[in-house]
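Trainee: Contents are compact mmCIF, C-alpha atoms and all ligand atoms; file name model-v2.txt:
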```
# COMPACT_ATOMS: atom_id res chain seq x y z
CA MET A 1 40.29 -32.63 33.16
CA SER A 2 42.13 -32.55 36.46
CA PHE A 3 40.96 -30.44 39.36
CA LEU A 4 44.34 -28.79 39.89
CA ALA A 5 46.97 -29.06 37.18
CA ILE A 6 50.58 -27.98 37.53
CA GLU A 7 51.97 -27.84 34.00
CA ASN A 8 55.68 -27.57 33.25
CA LEU A 9 56.32 -24.96 35.94
CA THR A 10 59.76 -23.42 35.82
CA LYS A 11 61.17 -20.59 37.95
CA ARG A 12 64.60 -19.10 37.45
CA PHE A 13 66.27 -16.66 39.81
CA GLY A 14 69.13 -15.26 37.73
CA GLY A 15 71.28 -18.26 36.88
CA LEU A 16 69.56 -20.57 39.38
CA THR A 17 66.67 -22.76 38.28
CA ALA A 18 64.75 -23.16 41.55
CA VAL A 19 61.85 -25.04 39.92
CA ASN A 20 62.58 -26.98 36.76
CA ASP A 21 59.74 -28.11 34.49
CA ILE A 22 57.53 -29.63 37.21
CA SER A 23 54.18 -31.14 36.29
CA PHE A 24 51.64 -33.06 38.33
CA SER A 25 47.94 -33.01 38.93
CA VAL A 26 45.85 -33.12 42.06
CA SER A 27 42.36 -34.56 42.51
CA GLN A 28 39.67 -32.78 44.44
CA GLY A 29 39.74 -33.76 48.11
CA GLU A 30 43.23 -35.21 47.92
CA ILE A 31 46.04 -34.63 50.41
CA LEU A 32 49.20 -34.36 48.33
CA SER A 33 52.58 -33.73 49.91
CA VAL A 34 55.64 -32.25 48.25
CA ILE A 35 58.86 -33.41 49.89
CA GLY A 36 62.53 -32.99 49.12
CA PRO A 37 65.83 -31.92 50.65
CA ASN A 38 66.38 -28.33 51.83
CA GLY A 39 66.66 -25.90 48.95
CA ALA A 40 64.96 -28.32 46.53
CA GLY A 41 62.44 -25.70 45.41
CA LYS A 42 59.37 -26.70 47.42
CA SER A 43 58.49 -23.28 48.80
CA THR A 44 59.12 -21.68 45.41
CA LEU A 45 56.77 -24.23 43.84
CA PHE A 46 54.07 -23.32 46.39
CA LYS A 47 54.58 -19.61 45.74
CA LEU A 48 54.10 -20.29 42.03
CA ILE A 49 50.91 -22.26 42.71
CA GLY A 50 49.55 -19.47 44.93
CA SER A 51 50.69 -16.88 42.37
CA PHE A 52 52.98 -15.08 44.85
CA LEU A 53 55.64 -15.54 42.19
CA LYS A 54 55.32 -15.45 38.42
CA PRO A 55 56.59 -18.58 36.66
CA SER A 56 59.41 -18.20 34.14
CA SER A 57 57.36 -20.68 32.14
CA GLY A 58 54.55 -23.16 32.62
CA ARG A 59 51.13 -22.67 34.16
CA VAL A 60 48.69 -23.65 36.88
CA LEU A 61 45.05 -24.50 36.14
CA LEU A 62 42.18 -24.87 38.58
CA ASP A 63 39.13 -26.60 37.14
CA GLY A 64 40.52 -25.96 33.67
CA ALA A 65 40.99 -22.20 34.15
CA VAL A 66 44.49 -20.73 34.11
CA VAL A 67 45.26 -19.09 37.47
CA SER A 68 49.00 -18.49 37.12
CA GLY A 69 49.93 -14.95 36.20
CA ARG A 70 46.95 -13.54 38.10
CA GLN A 71 47.24 -11.51 41.30
CA PRO A 72 47.46 -13.51 44.57
CA HIS A 73 44.11 -12.14 45.78
CA GLN A 74 42.46 -13.20 42.51
CA VAL A 75 43.92 -16.66 42.89
CA ALA A 76 42.66 -16.73 46.49
CA GLN A 77 39.21 -15.77 45.24
CA ALA A 78 39.44 -18.57 42.70
CA GLY A 79 39.99 -20.86 45.70
CA ILE A 80 43.74 -21.39 46.17
CA VAL A 81 44.73 -20.10 49.59
CA ARG A 82 47.90 -20.48 51.59
CA THR A 83 48.29 -20.29 55.33
CA PHE A 84 49.13 -17.05 56.95
CA GLN A 85 52.29 -16.65 58.97
CA GLU A 86 51.88 -16.11 62.68
CA THR A 87 52.74 -12.45 62.19
CA THR A 88 49.44 -11.80 60.45
CA VAL A 89 47.54 -12.96 63.54
CA PHE A 90 46.27 -9.96 65.52
CA LYS A 91 47.87 -10.61 68.90
CA GLU A 92 45.52 -8.37 70.88
CA MET A 93 42.38 -10.01 69.51
CA THR A 94 40.90 -13.29 70.61
CA ALA A 95 41.21 -16.38 68.46
CA LEU A 96 37.55 -16.01 67.49
CA GLN A 97 37.88 -12.32 66.63
CA ASN A 98 40.87 -13.10 64.41
CA VAL A 99 38.87 -15.56 62.34
CA ILE A 100 35.82 -13.27 62.22
CA VAL A 101 37.95 -10.37 60.98
CA SER A 102 39.40 -12.48 58.21
CA HIS A 103 35.86 -13.42 57.12
CA GLN A 104 35.03 -9.73 57.00
CA LEU A 105 38.17 -8.84 55.09
CA GLY A 106 36.99 -11.45 52.61
CA LEU A 107 33.86 -9.36 52.06
CA LYS A 108 36.08 -6.75 50.29
CA ALA A 109 35.13 -4.22 47.64
CA THR A 110 32.82 -2.22 49.89
CA PRO A 111 34.02 0.90 51.71
CA PHE A 112 34.25 -0.21 55.34
CA GLY A 113 32.28 2.65 56.90
CA ALA A 114 29.35 2.33 54.49
CA TYR A 115 29.37 -1.41 54.68
CA PHE A 116 29.38 -1.93 58.44
CA SER A 117 26.32 0.23 59.01
CA THR A 118 23.99 -1.76 56.76
CA ALA A 119 21.57 -4.54 57.69
CA THR A 120 23.33 -6.81 55.21
CA ALA A 121 26.53 -6.15 57.09
CA ARG A 122 24.94 -7.13 60.39
CA ALA A 123 23.59 -10.34 58.91
CA ASP A 124 27.00 -11.06 57.35
CA ALA A 125 28.66 -10.38 60.69
CA ARG A 126 26.42 -12.94 62.38
CA ALA A 127 27.15 -15.48 59.65
CA ALA A 128 30.88 -14.75 59.95
CA ALA A 129 30.79 -15.27 63.72
CA GLU A 130 29.00 -18.60 63.32
CA SER A 131 31.32 -19.78 60.59
CA ALA A 132 34.40 -18.68 62.58
CA ALA A 133 33.24 -20.58 65.65
CA GLU A 134 32.60 -23.66 63.55
CA ILE A 135 36.07 -23.53 61.98
CA LEU A 136 37.71 -23.18 65.39
CA ASP A 137 35.67 -26.12 66.68
CA TYR A 138 36.66 -28.49 63.94
CA LEU A 139 40.31 -27.47 64.21
CA GLY A 140 40.13 -28.37 67.91
CA LEU A 141 40.46 -24.74 69.03
CA GLY A 142 36.92 -24.31 70.31
CA HIS A 143 38.07 -24.27 73.92
CA VAL A 144 40.49 -21.36 73.36
CA LYS A 145 38.35 -19.19 71.10
CA GLY A 146 38.00 -16.53 73.81
CA GLU A 147 41.75 -16.39 74.53
CA LEU A 148 43.85 -13.49 73.28
CA ALA A 149 46.06 -14.69 70.44
CA ARG A 150 49.17 -13.47 72.26
CA ASN A 151 48.49 -15.95 75.09
CA LEU A 152 48.19 -18.98 72.83
CA PRO A 153 50.98 -21.57 72.75
CA HIS A 154 52.94 -22.03 69.52
CA GLY A 155 50.92 -25.02 68.26
CA HIS A 156 47.61 -23.26 68.77
CA LEU A 157 48.92 -20.13 67.06
CA ARG A 158 49.84 -22.23 64.03
CA ALA A 159 46.38 -23.74 64.03
CA LEU A 160 44.90 -20.26 64.27
CA GLY A 161 46.83 -19.29 61.13
CA ILE A 162 45.14 -22.22 59.39
CA ALA A 163 41.73 -21.16 60.76
CA ILE A 164 42.29 -17.69 59.31
CA ALA A 165 43.12 -19.20 55.92
CA LEU A 166 39.99 -21.39 56.09
CA ALA A 167 37.84 -18.31 56.65
CA ALA A 168 38.58 -17.48 53.00
CA LYS A 169 36.66 -20.68 52.07
CA PRO A 170 39.44 -22.22 50.01
CA ARG A 171 39.02 -25.08 47.58
CA VAL A 172 42.75 -25.75 47.77
CA LEU A 173 44.77 -25.07 50.92
CA LEU A 174 48.56 -24.73 50.65
CA LEU A 175 50.43 -25.57 53.85
CA ASP A 176 54.19 -24.95 53.84
CA GLU A 177 55.74 -26.81 56.77
CA PRO A 178 52.76 -26.54 59.10
CA PHE A 179 54.27 -28.93 61.64
CA ALA A 180 57.69 -27.24 61.91
CA GLY A 181 58.66 -26.60 65.51
CA MET A 182 55.81 -28.69 66.89
CA ASN A 183 56.34 -31.39 69.47
CA PRO A 184 55.04 -34.91 68.63
CA GLU A 185 51.80 -34.31 70.50
CA GLU A 186 51.12 -31.03 68.68
CA THR A 187 52.00 -32.72 65.38
CA ASP A 188 49.50 -35.52 66.06
CA ARG A 189 46.80 -32.94 66.68
CA ALA A 190 47.78 -31.00 63.57
CA VAL A 191 47.65 -34.18 61.47
CA GLU A 192 44.10 -34.77 62.69
CA MET A 193 43.33 -31.17 61.88
CA VAL A 194 44.51 -31.58 58.28
CA GLU A 195 42.43 -34.74 57.98
CA GLY A 196 39.43 -32.78 59.27
CA ILE A 197 40.02 -30.10 56.64
CA ARG A 198 40.07 -32.71 53.89
CA LYS A 199 36.88 -34.30 55.22
CA ARG A 200 35.19 -31.01 54.45
CA GLY A 201 36.10 -31.42 50.79
CA ILE A 202 39.10 -29.10 50.79
CA THR A 203 42.10 -30.26 48.77
CA VAL A 204 45.33 -29.98 50.75
CA LEU A 205 48.83 -29.46 49.36
CA LEU A 206 51.48 -29.87 51.98
CA VAL A 207 55.22 -29.26 52.15
CA GLU A 208 56.56 -30.97 55.23
CA HIS A 209 59.79 -32.31 56.68
CA ASP A 210 58.21 -34.51 59.31
CA MET A 211 58.33 -37.82 57.40
CA ARG A 212 56.29 -39.70 59.97
CA ALA A 213 53.47 -37.19 59.53
CA VAL A 214 53.86 -37.08 55.73
CA MET A 215 53.72 -40.85 55.36
CA ARG A 216 50.68 -41.04 57.59
CA ILE A 217 48.64 -38.25 56.11
CA SER A 218 49.37 -38.19 52.35
CA ASP A 219 47.31 -39.82 49.65
CA ARG A 220 50.16 -39.19 47.24
CA ILE A 221 53.62 -37.67 47.42
CA VAL A 222 55.66 -35.69 44.89
CA VAL A 223 59.41 -35.65 45.49
CA VAL A 224 61.52 -32.72 44.34
CA SER A 225 65.30 -32.55 44.26
CA PHE A 226 67.39 -29.68 42.84
CA GLY A 227 64.25 -28.13 41.35
CA SER A 228 63.10 -31.21 39.45
CA LYS A 229 60.44 -33.78 40.20
CA ILE A 230 62.20 -37.08 40.77
CA ALA A 231 59.27 -39.23 41.90
CA GLU A 232 55.53 -39.26 42.38
CA GLY A 233 53.40 -41.97 43.98
CA LEU A 234 51.76 -43.52 47.00
CA PRO A 235 53.60 -43.22 50.33
CA ALA A 236 54.65 -46.89 50.20
CA GLU A 237 56.05 -46.44 46.68
CA ILE A 238 57.96 -43.30 47.64
CA ARG A 239 59.48 -44.95 50.72
CA ALA A 240 60.84 -47.75 48.56
CA ASN A 241 62.00 -45.58 45.63
CA PRO A 242 65.81 -45.77 45.21
CA ALA A 243 66.04 -42.29 43.61
CA VAL A 244 64.24 -40.81 46.61
CA ILE A 245 66.44 -42.59 49.13
CA GLU A 246 69.48 -41.42 47.15
CA ALA A 247 68.26 -37.78 47.20
CA TYR A 248 67.94 -37.90 50.96
CA LEU A 249 71.35 -39.46 51.65
CA GLY A 250 73.57 -37.24 53.72
CA GLN A 251 70.69 -35.23 55.14
CA ASP A 252 70.66 -35.65 58.92
CA ASP A 253 67.48 -33.76 59.61
CA GLU A 254 65.35 -35.65 57.15
CA THR A 255 65.11 -39.37 56.95
CA ILE A 256 63.13 -41.56 54.67
CA GLY A 257 62.75 -45.30 54.45
CA SER A 258 62.61 -45.76 58.20
CA TYR A 259 58.94 -44.84 58.45
P1 LIG B 1 62.83 -25.36 49.76
O1 LIG B 1 61.54 -24.75 50.17
O2 LIG B 1 62.66 -26.70 49.06
O3 LIG B 1 63.80 -25.48 50.89
P2 LIG B 1 63.13 -22.96 48.17
O4 LIG B 1 62.03 -23.04 47.19
O5 LIG B 1 62.94 -22.05 49.31
O6 LIG B 1 63.51 -24.43 48.66
O7 LIG B 1 64.45 -22.52 47.42
C1 LIG B 1 64.91 -23.17 46.25
C2 LIG B 1 66.16 -22.47 45.74
O8 LIG B 1 65.81 -21.18 45.22
C3 LIG B 1 67.20 -22.22 46.82
O9 LIG B 1 68.47 -22.38 46.25
C4 LIG B 1 66.95 -20.79 47.21
O10 LIG B 1 68.11 -20.19 47.70
C5 LIG B 1 66.51 -20.16 45.90
N1 LIG B 1 65.59 -19.04 46.07
C6 LIG B 1 64.36 -19.08 46.66
N2 LIG B 1 63.76 -17.88 46.60
C7 LIG B 1 64.63 -17.04 45.96
C8 LIG B 1 64.59 -15.66 45.58
N3 LIG B 1 63.52 -14.91 45.85
N4 LIG B 1 65.65 -15.16 44.93
C9 LIG B 1 66.73 -15.93 44.64
N5 LIG B 1 66.83 -17.24 44.96
C10 LIG B 1 65.79 -17.79 45.62
MG MG B 2 60.81 -24.16 52.04
```
Let me see the file written as structure tokens.
Ligand code: ADP
Ligand code: MG
Mentor:
Amino acid sequence: MSFLAIENLTKRFGGLTAVNDISFSVSQGEILSVIGPNGAGKSTLFKLIGSFLKPSSGRVLLDGAVVSGRQPHQVAQAGIVRTFQETTVFKEMTALQNVIVSHQLGLKATPFGAYFSTATARADARAAAESAAEILDYLGLGHVKGELARNLPHGHLRALGIAIALAAKPRVLLLDEPFAGMNPEETDRAVEMVEGIRKRGITVLLVEHDMRAVMRISDRIVVVSFGSKIAEGLPAEIRANPAVIEAYLGQDDETIGSY
């Protein structure tokens, strides 16, 4: 049984088939990247995996249990979490407070007022603060944990979004273009960050345009074009795959084969 199984996922929007019968499986602790030209269906595929969209057909299984069709928060509780956009960062809180709050939001199901006054709540708050500090440290944000989020540079804000997602203790982390808009130095740091996340046993699914980063970081790559999977393999195999090179022809902003 595979850890994460994507089985025959299809998503239609009216007459457009954005994701067409895609299947692949992911091992625990793997970094798997999904690449493909703009509009290929990558983000839609991730939304299906995170259950932010309902598939037209097909299903997603985690550890043998079907997660597709469930609510996004249930899927998150099952362990599949995607990164938060910068807009969900609280700009007037520090980096540390942002991650602590997301731990506490993860404690759910208890009325806030009642919960925060209990001894359990105080113990949980201490544990959340320790865990938040640890996450920021291993993402390389330890030195800015006391900074207000609104003062953080773009790259750090992205990393903070990942820290917030990690507070939910995911088993699978979905990252849709985490390196977009980063300069090469920020990208290098972010690549190390993703490797650090994997070292902690978290499986990482990545959609990314930065081919240099993708080739460096991925254990395996799935290539999507016009909604369909056209290739799957090791980075070296993907680089040399004629169908992949063909799919990328004519795209200026994405190159393959040269890395
Ligand atoms: P990618 O992330 O690979 O660039 P997307 O998954 O965002 O591609 O989009 C795949 C195709 O599906 C595109 O043609 C896009 O316009 C279309 N699409 C995505 N989301 C929707 C939606 N909510 N409604 C209609 N069409 C959509
Ligand atoms: Mg996209």
Trainee: Name the closest residue to ligand LIG 1 (chain B) among the candidates A:Met182, A:Leu160, A:Ala127, A:Val207; distances are taken between atoms, counting all atoms listed in the file.
Mentor: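 Residue with the minimum atom-to-atom distance to ligand LIG 1 (chain B): A:Val207.
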Trainee: For ligand LIG 1 (chain B), return the neighbouring residues as JSON, numbers by chain (distance at most 10 Å; all atoms listed in the file).
Mentor: {"A": [11, 12, 13, 14, 15, 16, 17, 18, 19, 34, 35, 36, 37, 38, 39, 40, 41, 42, 43, 44, 45, 46, 47, 48, 53, 176, 177, 207, 208, 209, 224, 225, 226, 227]}
Trainee: How would the residues just chosen look if you wrote them out with C-alpha atoms as a short mmCIF file (atom, residue, chain, number, x, y, z; two decimals), in the frame of the given file?
Mentor:
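Written output follows (part36.cif):
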```cif
data_model
loop_
_atom_site.label_atom_id
_atom_site.label_comp_id
_atom_site.auth_asym_id
_atom_site.auth_seq_id
_atom_site.Cartn_x
_atom_site.Cartn_y
_atom_site.Cartn_z
CA LYS A 11 61.17 -20.59 37.95
CA ARG A 12 64.60 -19.10 37.45
CA PHE A 13 66.27 -16.66 39.81
CA GLY A 14 69.13 -15.26 37.73
CA GLY A 15 71.28 -18.26 36.88
CA LEU A 16 69.56 -20.57 39.38
CA THR A 17 66.67 -22.76 38.28
CA ALA A 18 64.75 -23.16 41.55
CA VAL A 19 61.85 -25.04 39.92
CA VAL A 34 55.64 -32.25 48.25
CA ILE A 35 58.86 -33.41 49.89
CA GLY A 36 62.53 -32.99 49.12
CA PRO A 37 65.83 -31.92 50.65
CA ASN A 38 66.38 -28.33 51.83
CA GLY A 39 66.66 -25.90 48.95
CA ALA A 40 64.96 -28.32 46.53
CA GLY A 41 62.44 -25.70 45.41
CA LYS A 42 59.37 -26.70 47.42
CA SER A 43 58.49 -23.28 48.80
CA THR A 44 59.12 -21.68 45.41
CA LEU A 45 56.77 -24.23 43.84
CA PHE A 46 54.07 -23.32 46.39
CA LYS A 47 54.58 -19.61 45.74
CA LEU A 48 54.10 -20.29 42.03
CA LEU A 53 55.64 -15.54 42.19
CA ASP A 176 54.19 -24.95 53.84
CA GLU A 177 55.74 -26.81 56.77
CA VAL A 207 55.22 -29.26 52.15
CA GLU A 208 56.56 -30.97 55.23
CA HIS A 209 59.79 -32.31 56.68
CA VAL A 224 61.52 -32.72 44.34
CA SER A 225 65.30 -32.55 44.26
CA PHE A 226 67.39 -29.68 42.84
CA GLY A 227 64.25 -28.13 41.35
#
```
Trainee: Return the single residue from A:Val194, A:Glu246, A:Gly50, A:His103 that is closest to Ala76 in chain A, with distances computed using all atoms listed in the file.
Mentor: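 Nearest to Ala76 in chain A: A:Gly50.
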Trainee: Have a look at A:Asn20, A:Gln74, A:Thr94, A:Thr187 and name the one nearest to Ser51 in chain A; count only C-alpha atoms.
Mentor: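 Closest to Ser51 in chain A, using only C-alpha atoms: A:Gln74.
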Trainee: Under the rule that only C-alpha atoms are counted, which of A:Ser27, A:Ile162, A:Met193, A:Ile230 is the nearest residue to Ala243 in chain A?
Mentor: A:Ile230
Trainee: Smallest atom-to-atom distance to ligand MG 2 (chain B): which of A:Leu206, A:Ala121, A:Ala231, A:Val60, using only C-alpha atoms and all ligand atoms?
Mentor: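 Ranking A:Leu206, A:Ala121, A:Ala231, A:Val60 by distance to ligand MG 2 (chain B), first place goes to A:Leu206.
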Trainee: Counting all atoms listed in the file, which of A:Gln28, A:Pro235, A:Leu136, A:Leu175 gets nearest to ligand MG 2 (chain B)?
Mentor: A:Leu175
Trainee: Rounded to one decimal in Å, what is the spacing between CA of Met215 in chain A and CA of Arg239 in chain A?
Mentor: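 Taking CA of Met215 in chain A and CA of Arg239 in chain A, their separation equals 8.5 Å.
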Trainee: Find the distance between CA of Glu195 in chain A and CA of Pro242 in chain A and write it in Å to one decimal.
Mentor: 28.8 Å
Trainee: Skipping near chain neighbours, those fewer than 4 positions away, what residues fall within 10 Å of Ile100 in chain A using all atoms listed in the file, listed as a ChimeraX atom specification?
Mentor: /A:94-96,104-106,125-133,163-164,167
Trainee: Export range 149-236 of chain A of the preceding structure, keeping C-alpha atoms, as a short mmCIF file (atom, residue, chain, number, x, y, z; two decimals), in the first residue's frame.
Mentor:
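The result, written out as out_13.cif:
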```cif
data_model
loop_
_atom_site.label_atom_id
_atom_site.label_comp_id
_atom_site.auth_asym_id
_atom_site.auth_seq_id
_atom_site.Cartn_x
_atom_site.Cartn_y
_atom_site.Cartn_z
CA ALA A 149 5.50 40.11 10.26
CA ARG A 150 4.88 43.36 8.39
CA ASN A 151 8.61 44.21 8.63
CA LEU A 152 9.80 40.92 7.19
CA PRO A 153 11.22 40.80 3.66
CA HIS A 154 9.35 38.80 1.02
CA GLY A 155 11.45 35.64 1.35
CA HIS A 156 11.05 35.51 5.11
CA LEU A 157 7.31 36.10 4.80
CA ARG A 158 7.07 33.11 2.48
CA ALA A 159 9.02 31.03 4.96
CA LEU A 160 6.70 32.21 7.72
CA GLY A 161 3.74 30.93 5.68
CA ILE A 162 5.46 27.53 5.64
CA ALA A 163 6.12 27.73 9.40
CA ILE A 164 2.42 28.39 9.97
CA ALA A 165 1.53 25.34 7.87
CA LEU A 166 4.04 23.22 9.82
CA ALA A 167 2.37 24.21 13.08
CA ALA A 168 -0.51 21.97 11.95
CA LYS A 169 1.93 19.01 12.18
CA PRO A 170 1.40 17.78 8.63
CA ARG A 171 2.39 14.39 7.33
CA VAL A 172 2.23 15.73 3.78
CA LEU A 173 3.03 19.35 2.95
CA LEU A 174 1.79 20.82 -0.34
CA LEU A 175 3.87 23.72 -1.63
CA ASP A 176 2.56 25.51 -4.73
CA GLU A 177 5.36 27.62 -6.21
CA PRO A 178 7.09 28.39 -2.92
CA PHE A 179 10.11 29.93 -4.66
CA ALA A 180 8.18 32.29 -6.97
CA GLY A 181 9.49 35.83 -6.78
CA MET A 182 12.55 34.84 -4.78
CA ASN A 183 16.04 35.88 -5.75
CA PRO A 184 18.65 33.08 -6.17
CA GLU A 185 19.93 33.55 -2.64
CA GLU A 186 16.43 33.32 -1.13
CA THR A 187 15.73 30.28 -3.32
CA ASP A 188 18.88 28.54 -2.05
CA ARG A 189 17.76 29.12 1.51
CA ALA A 190 14.25 27.92 0.72
CA VAL A 191 15.62 24.76 -0.90
CA GLU A 192 17.55 24.04 2.31
CA MET A 193 14.39 24.72 4.24
CA VAL A 194 12.42 22.14 2.23
CA GLU A 195 15.22 19.63 2.76
CA GLY A 196 15.04 20.35 6.50
CA ILE A 197 11.29 19.71 6.45
CA ARG A 198 11.81 16.36 4.76
CA LYS A 199 14.52 15.41 7.27
CA ARG A 200 11.82 15.62 9.90
CA GLY A 201 9.89 12.89 8.12
CA ILE A 202 7.39 15.14 6.37
CA THR A 203 6.53 14.22 2.79
CA VAL A 204 6.73 17.21 0.47
CA LEU A 205 4.78 17.75 -2.75
CA LEU A 206 6.01 20.70 -4.70
CA VAL A 207 4.81 22.61 -7.74
CA GLU A 208 7.63 24.82 -8.93
CA HIS A 209 8.81 26.67 -12.02
CA ASP A 210 12.39 27.13 -10.91
CA MET A 211 13.93 24.15 -12.75
CA ARG A 212 17.31 24.52 -11.12
CA ALA A 213 15.67 24.18 -7.70
CA VAL A 214 13.35 21.37 -8.85
CA MET A 215 16.19 19.30 -10.30
CA ARG A 216 18.25 19.77 -7.18
CA ILE A 217 15.63 19.04 -4.58
CA SER A 218 13.31 16.38 -6.03
CA ASP A 219 13.52 12.65 -5.45
CA ARG A 220 11.05 12.17 -8.27
CA ILE A 221 9.19 14.39 -10.71
CA VAL A 222 5.75 14.10 -12.30
CA VAL A 223 5.25 16.10 -15.49
CA VAL A 224 1.81 17.37 -16.45
CA SER A 225 0.81 18.89 -19.77
CA PHE A 226 -2.73 19.91 -20.80
CA GLY A 227 -4.13 18.17 -17.73
CA SER A 228 -2.50 14.79 -18.35
CA LYS A 229 0.55 13.15 -16.83
CA ILE A 230 3.13 12.81 -19.59
CA ALA A 231 6.11 11.56 -17.59
CA GLU A 232 7.21 10.42 -14.16
CA GLY A 233 10.73 9.62 -12.99
CA LEU A 234 14.02 10.65 -11.47
CA PRO A 235 15.26 14.18 -12.26
CA ALA A 236 17.89 12.83 -14.68
#
```
